[in-house]
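Structure file start.txt (compact mmCIF, C-alpha atoms) is printed below.
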```
# COMPACT_ATOMS: atom_id res chain seq x y z
CA MET A 1 62.02 -34.28 -28.05
CA ALA A 2 59.12 -31.88 -28.52
CA THR A 3 56.09 -31.69 -26.22
CA LEU A 4 52.78 -33.04 -27.54
CA LEU A 5 49.51 -31.54 -26.32
CA LEU A 6 46.55 -33.84 -26.96
CA LEU A 7 43.31 -31.87 -27.04
CA ARG A 8 39.97 -33.64 -27.02
CA HIS A 9 37.21 -31.84 -28.90
CA GLY A 10 34.50 -30.02 -26.94
CA ARG A 11 31.20 -31.60 -26.00
CA THR A 12 28.96 -32.59 -28.91
CA THR A 13 25.24 -33.11 -29.33
CA ALA A 14 25.93 -36.88 -29.23
CA ASN A 15 27.85 -36.56 -25.96
CA ALA A 16 24.92 -34.68 -24.47
CA ASP A 17 22.35 -37.20 -25.73
CA GLY A 18 24.30 -40.30 -24.65
CA GLY A 19 24.95 -41.58 -28.14
CA LEU A 20 28.02 -43.05 -29.83
CA ALA A 21 28.92 -40.58 -32.55
CA GLY A 22 31.80 -42.48 -34.11
CA ARG A 23 32.68 -40.93 -37.45
CA GLN A 24 29.32 -39.27 -37.96
CA PRO A 25 29.43 -35.49 -38.60
CA VAL A 26 28.09 -34.47 -35.22
CA GLU A 27 28.89 -30.90 -34.15
CA LEU A 28 29.66 -29.11 -30.91
CA ASP A 29 26.72 -28.06 -28.76
CA ASP A 30 26.61 -24.77 -26.85
CA THR A 31 28.57 -26.27 -23.96
CA GLY A 32 31.18 -27.65 -26.33
CA ARG A 33 31.63 -24.29 -28.02
CA ALA A 34 32.10 -22.63 -24.64
CA GLN A 35 34.63 -25.31 -23.69
CA ALA A 36 36.57 -24.76 -26.90
CA THR A 37 36.70 -21.01 -26.34
CA ALA A 38 37.85 -21.50 -22.74
CA VAL A 39 40.66 -23.90 -23.63
CA GLY A 40 41.75 -21.43 -26.28
CA GLU A 41 42.36 -18.86 -23.55
CA ARG A 42 44.48 -21.38 -21.70
CA LEU A 43 46.45 -22.18 -24.85
CA ARG A 44 47.06 -18.51 -25.71
CA PRO A 45 50.48 -18.24 -23.98
CA VAL A 46 51.73 -21.50 -25.53
CA PRO A 47 53.72 -21.08 -28.78
CA LEU A 48 52.59 -23.98 -30.96
CA ALA A 49 54.99 -25.16 -33.63
CA ALA A 50 52.28 -27.21 -35.35
CA VAL A 51 48.57 -27.97 -35.00
CA VAL A 52 47.11 -31.17 -36.43
CA THR A 53 43.59 -32.52 -36.25
CA SER A 54 41.28 -35.41 -36.85
CA PRO A 55 39.30 -34.79 -40.04
CA LEU A 56 35.95 -34.88 -38.21
CA ILE A 57 34.04 -31.63 -37.93
CA ARG A 58 33.82 -31.59 -34.13
CA CYS A 59 37.60 -31.40 -33.89
CA ARG A 60 37.86 -28.76 -36.60
CA GLN A 61 35.16 -26.68 -34.88
CA THR A 62 37.03 -26.95 -31.60
CA LEU A 63 40.20 -25.59 -33.17
CA GLU A 64 38.36 -22.82 -35.02
CA LEU A 65 37.13 -21.53 -31.66
CA ALA A 66 40.21 -22.31 -29.57
CA LEU A 67 42.93 -21.32 -32.04
CA PRO A 68 41.35 -19.10 -34.70
CA GLN A 69 44.76 -17.99 -36.03
CA ALA A 70 46.04 -21.54 -36.51
CA GLU A 71 46.07 -23.45 -39.77
CA PRO A 72 45.50 -27.05 -38.68
CA VAL A 73 46.76 -29.91 -40.80
CA VAL A 74 44.34 -32.83 -41.14
CA GLU A 75 45.83 -36.13 -39.97
CA ASP A 76 43.70 -39.16 -40.84
CA GLY A 77 45.51 -41.24 -38.22
CA LEU A 78 43.77 -39.19 -35.51
CA ILE A 79 40.23 -39.96 -36.67
CA GLU A 80 37.78 -41.55 -34.23
CA CYS A 81 37.67 -45.34 -33.99
CA GLY A 82 35.52 -46.86 -36.72
CA TYR A 83 32.64 -48.24 -34.65
CA GLY A 84 30.82 -49.56 -37.73
CA ASP A 85 27.23 -50.58 -37.03
CA TRP A 86 27.48 -49.16 -33.52
CA GLU A 87 27.71 -45.58 -34.75
CA GLY A 88 24.72 -43.42 -33.92
CA GLN A 89 23.37 -45.93 -31.39
CA PRO A 90 22.45 -44.98 -27.81
CA LEU A 91 25.05 -46.15 -25.31
CA LYS A 92 22.29 -47.64 -23.14
CA LYS A 93 21.35 -49.92 -26.00
CA LEU A 94 24.94 -50.82 -26.83
CA ALA A 95 25.59 -51.76 -23.21
CA LYS A 96 23.32 -54.78 -23.74
CA GLU A 97 25.37 -56.11 -26.67
CA LYS A 98 27.62 -59.15 -26.17
CA LEU A 99 30.58 -57.14 -27.45
CA TRP A 100 30.15 -54.44 -24.80
CA PRO A 101 31.98 -56.21 -21.92
CA VAL A 102 34.76 -57.11 -24.36
CA VAL A 103 35.17 -53.44 -25.24
CA GLN A 104 35.29 -52.53 -21.55
CA GLN A 105 37.48 -55.37 -20.21
CA HIS A 106 39.42 -56.79 -23.17
CA PRO A 107 39.44 -54.00 -25.78
CA SER A 108 42.49 -55.36 -27.58
CA ALA A 109 40.21 -58.16 -28.82
CA ALA A 110 37.26 -55.92 -29.76
CA VAL A 111 36.37 -55.68 -33.44
CA PHE A 112 33.30 -53.58 -34.22
CA PRO A 113 30.77 -55.03 -36.70
CA ASP A 114 31.57 -53.61 -40.14
CA GLY A 115 34.08 -51.35 -38.43
CA GLU A 116 37.59 -51.15 -37.06
CA SER A 117 39.28 -53.04 -34.25
CA MET A 118 40.43 -51.10 -31.22
CA ALA A 119 43.92 -52.52 -31.73
CA GLN A 120 43.98 -51.05 -35.25
CA MET A 121 42.80 -47.70 -33.89
CA SER A 122 45.55 -47.69 -31.29
CA ALA A 123 48.30 -48.66 -33.72
CA ARG A 124 47.52 -46.03 -36.36
CA ALA A 125 46.97 -43.25 -33.79
CA VAL A 126 50.22 -43.96 -31.95
CA ALA A 127 52.10 -44.18 -35.24
CA ALA A 128 50.64 -40.85 -36.34
CA VAL A 129 51.60 -38.88 -33.22
CA ARG A 130 55.06 -40.41 -33.00
CA ALA A 131 55.75 -39.55 -36.65
CA TRP A 132 54.50 -36.00 -36.16
CA ASP A 133 56.51 -35.61 -32.97
CA ALA A 134 59.72 -36.67 -34.72
CA ARG A 135 58.94 -34.27 -37.59
CA VAL A 136 58.25 -31.32 -35.28
CA THR A 137 61.39 -32.02 -33.26
CA ALA A 138 63.55 -32.23 -36.37
CA THR A 139 62.11 -28.99 -37.77
CA HIS A 140 61.65 -26.84 -34.66
CA GLY A 141 63.94 -28.37 -32.05
CA PRO A 142 63.42 -30.27 -28.79
CA GLU A 143 61.86 -27.28 -27.01
CA ALA A 144 58.96 -27.12 -29.49
CA VAL A 145 55.35 -27.64 -28.40
CA TRP A 146 52.72 -28.92 -30.83
CA LEU A 147 49.05 -29.83 -30.56
CA ALA A 148 46.87 -32.64 -31.86
CA CYS A 149 43.07 -32.49 -31.59
CA SER A 150 41.37 -35.86 -31.50
CA HIS A 151 38.82 -38.08 -29.72
CA GLY A 152 38.43 -39.73 -26.33
CA ASP A 153 39.30 -43.33 -27.18
CA VAL A 154 42.10 -42.25 -29.49
CA ILE A 155 43.69 -40.09 -26.80
CA LYS A 156 43.30 -42.82 -24.19
CA ALA A 157 45.05 -45.30 -26.51
CA ILE A 158 47.94 -42.88 -27.08
CA VAL A 159 48.26 -42.35 -23.32
CA ALA A 160 48.26 -46.10 -22.66
CA ASP A 161 51.10 -46.50 -25.12
CA ALA A 162 53.04 -43.66 -23.48
CA LEU A 163 52.59 -45.27 -20.08
CA GLY A 164 53.72 -48.64 -21.41
CA VAL A 165 50.50 -50.35 -20.36
CA HIS A 166 48.47 -52.85 -22.35
CA LEU A 167 45.54 -51.61 -24.39
CA ASP A 168 43.30 -53.75 -22.17
CA LEU A 169 43.93 -51.19 -19.40
CA PHE A 170 43.11 -48.10 -21.42
CA GLN A 171 39.54 -47.87 -20.12
CA ARG A 172 41.05 -46.80 -16.79
CA ILE A 173 42.20 -43.56 -18.42
CA VAL A 174 39.92 -40.52 -18.67
CA ALA A 175 39.96 -37.83 -21.39
CA ASP A 176 37.11 -35.38 -20.87
CA PRO A 177 35.81 -33.02 -23.57
CA ALA A 178 38.18 -30.08 -24.15
CA SER A 179 40.79 -31.60 -21.82
CA VAL A 180 44.52 -31.33 -22.48
CA THR A 181 46.99 -34.18 -22.03
CA ALA A 182 50.74 -33.61 -22.42
CA ILE A 183 53.32 -36.20 -23.48
CA ARG A 184 57.05 -35.90 -24.10
CA TYR A 185 58.68 -38.64 -26.15
CA THR A 186 62.39 -39.29 -25.63
CA ALA A 187 64.86 -41.75 -27.11
CA LEU A 188 64.39 -44.12 -24.16
CA ARG A 189 60.79 -43.63 -23.03
CA PRO A 190 57.79 -41.29 -23.21
CA PHE A 191 56.79 -39.21 -20.21
CA LEU A 192 53.17 -38.42 -19.37
CA VAL A 193 53.50 -34.83 -18.18
CA ARG A 194 49.82 -34.04 -17.66
CA LEU A 195 46.56 -35.98 -18.01
CA ASN A 196 42.96 -34.83 -18.55
CA ASP A 197 43.76 -31.24 -17.58
CA THR A 198 40.66 -29.04 -17.73
CA GLY A 199 41.84 -25.99 -15.80
CA GLY A 200 45.58 -25.88 -15.13
CA ASP A 201 48.21 -23.41 -16.31
CA LEU A 202 49.31 -24.65 -19.74
CA ALA A 203 52.12 -22.11 -20.02
CA ALA A 204 54.03 -24.23 -17.50
CA LEU A 205 54.27 -26.98 -20.15
CA VAL A 206 56.55 -24.88 -22.37
CA PRO A 207 60.12 -26.15 -21.84
CA PRO A 208 62.72 -23.53 -20.91
CA PRO A 209 65.29 -22.65 -23.60
CA ALA A 210 68.12 -25.13 -23.77
CA ARG A 211 71.24 -23.95 -22.00
CA ARG A 212 74.52 -24.04 -23.82
CA ARG A 213 76.71 -26.83 -22.65
CA ARG A 214 79.73 -25.73 -20.69
CA ARG A 215 83.05 -26.43 -22.28
CA ALA A 216 84.64 -29.56 -20.92
CA ALA A 217 87.19 -28.91 -18.22
CA ARG A 218 90.83 -29.19 -19.26
CA PRO A 219 92.34 -32.54 -18.37
CA ALA A 220 94.73 -32.59 -15.44
CA ASP A 221 98.33 -31.80 -16.33
CA SER A 222 99.67 -34.63 -14.21
CA ASP A 223 98.51 -37.74 -12.44
CA ALA A 224 99.23 -36.05 -9.09
CA ALA A 225 96.39 -33.57 -9.65
CA VAL A 226 93.85 -36.32 -10.17
CA GLY A 227 92.12 -37.30 -6.93
CA GLY A 228 93.05 -34.18 -4.95
CA GLY A 229 96.03 -32.95 -3.00
CA ALA A 230 97.99 -34.46 -0.15
CA GLY A 231 96.00 -35.85 2.70
CA THR A 232 92.96 -36.68 0.60
CA ALA A 233 91.50 -40.07 1.42
CA GLY A 234 91.90 -42.68 -1.32
```
structure tokens encoding of this file:
Amino acid sequence: MATLLLLRHGRTTANADGGLAGRQPVELDDTGRAQATAVGERLRPVPLAAVVTSPLIRCRQTLELALPQAEPVVEDGLIECGYGDWEGQPLKKLAKEKLWPVVQQHPSAAVFPDGESMAQMSARAVAAVRAWDARVTATHGPEAVWLACSHGDVIKAIVADALGVHLDLFQRIVADPASVTAIRYTALRPFLVRLNDTGGDLAALVPPPARRRRRAARPADSDAAVGGGAGTAG
């Protein structure tokens, strides 16, 4: 199957201020713009068969700076979790809410007031990337590399699924701003190739061209040839 690169958007004004942006139209700050430009340099040698993005402006800004020649396709399944009434609130304030320890320790049970559940977020994000991965593979072949730009919790949920761990463990995963995480899905299992990469060589993630299979050897002409010549142990 193809190789998926999960890119988190660069730092935003909300990240810098310690707020929960959610689906609000917060934009990249100066640091975030610099991060987006830097990850673009790292992505330059990687031939991307497709680029998809969350509809939120911070992801679109990240791609405009990182991959100015790309034409990203908006994928609603990659949008940030719907935090409902929590959106725009300082994290210090939210940490005092009764729901906070549930989000941290038992997120599969967390449902945000007038918002989305974390289980719903995980299910639609995983479904979106798996569908896109199958589409890219079918169109461009198993050596293709494609990129999806999304958000911290969304990426962590996708990684948890790839690792085969319960959503309740996803808070142990880290996805920093402008980090790259690589996953390869196969018929039997996904492989987490790289996690939260903020400085490595991304060109190494491009699979080598598939080698042509050698023609099958001719079958032995007689039973005597099978198993070796005289004196070979049985």
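Among the candidate residues A:Leu205, A:Leu99, A:Ala127, A:Leu48, the one lying nearest to Val193 in chain A is A:Leu205, with distances computed using all atoms listed in the file.
In this model, the gap between CA of Glu27 in chain A and CA of Asn15 in chain A comes to 10.0 Å.
Look at everything within 10 Å of (42.8, -57.1, -30.1) using all atoms listed in the file, and the residues you get are Val102, Val103, His106, Pro107, Ser108, Ala109, Ala110, Val111, Ser117, Met118, Ala119, Gln120, Ser122, Leu167 and Asp168 of chain A.
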Item checked: Expected answer as a ChimeraX atom specification: all residues with atoms within 10 Å of (50.9, -39.0, -16.3), all atoms listed in the file -> /A:159-160,162-163,181-183,191-196
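Distances from A:Lys98, A:His166, A:Arg60, A:Arg23 to Glu116 in chain A were compared using all atoms listed in the file, and the smallest one belongs to A:Arg23.
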Item checked: Residues near range 63-72 of chain A, cut-off 7 Å, all atoms listed in the file, skip fewer than 5 positions along chain, as a count of residues only -> 7
Next item on the list: Calculate how many Å separate CA of Val174 in chain A from CA of Trp146 in chain A, rounding to one decimal.
Entry: 21.1 Å
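Residue nearest Ala95 in chain A, chosen from A:Ala2, A:Ala49, A:Leu20, A:Leu7 and counting all atoms listed in the file: A:Leu20.
Of the residues listed (A:Arg8, A:Lys156, A:Lys96, A:Arg172), A:Arg8 shows the shortest atom-to-atom separation from Leu56 in chain A; distances use all atoms listed in the file.
Distances to Gly199 in chain A were evaluated for A:Thr186, A:Gln105, A:Gln35, A:Thr137 using all atoms listed in the file, and the minimum falls at A:Gln35.
You can rank A:Pro101, A:Arg42, A:Gly164, A:Thr3 by their closest distance to Arg184 in chain A using all atoms listed in the file, and at the top of that list sits A:Thr3.
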Next item on the list: Please provide as a PyMOL selection string all residues within 9 Å of Asp30 in chain A, with the sequence filter that same-chain residues fewer than 2 positions apart are discarded (counting only C-alpha atoms).
Entry: chain A and resi 11-13+28+32-35
Centre and edge lengths of an axis-aligned box around all listed atoms of range 58-69 of chain A, with 3 Å added on each side, are to be given in Å to one decimal, as JSON.
```
{"center_x": 39.3, "center_y": -24.8, "center_z": -33.1, "size_x": 16.9, "size_y": 19.6, "size_z": 13.0}
```
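What separates CA of Asp176 in chain A from CA of Gln104 in chain A is a distance of 17.3 Å.
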Surrounding residues of Val154 in chain A excluding itself and chain neighbours under 3 positions, 8 Å, all atoms listed in the file, as a CSV table (one decimal) with C-alpha atoms, in the frame of the given file:
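See selection_37.csv below for the written result:
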```csv
chain,number,residue,atom,x,y,z
A,78,LEU,CA,43.8,-39.2,-35.5
A,79,ILE,CA,40.2,-40.0,-36.7
A,80,GLU,CA,37.8,-41.6,-34.2
A,81,CYS,CA,37.7,-45.3,-34.0
A,121,MET,CA,42.8,-47.7,-33.9
A,122,SER,CA,45.6,-47.7,-31.3
A,125,ALA,CA,47.0,-43.2,-33.8
A,150,SER,CA,41.4,-35.9,-31.5
A,151,HIS,CA,38.8,-38.1,-29.7
A,157,ALA,CA,45.0,-45.3,-26.5
A,158,ILE,CA,47.9,-42.9,-27.1
```
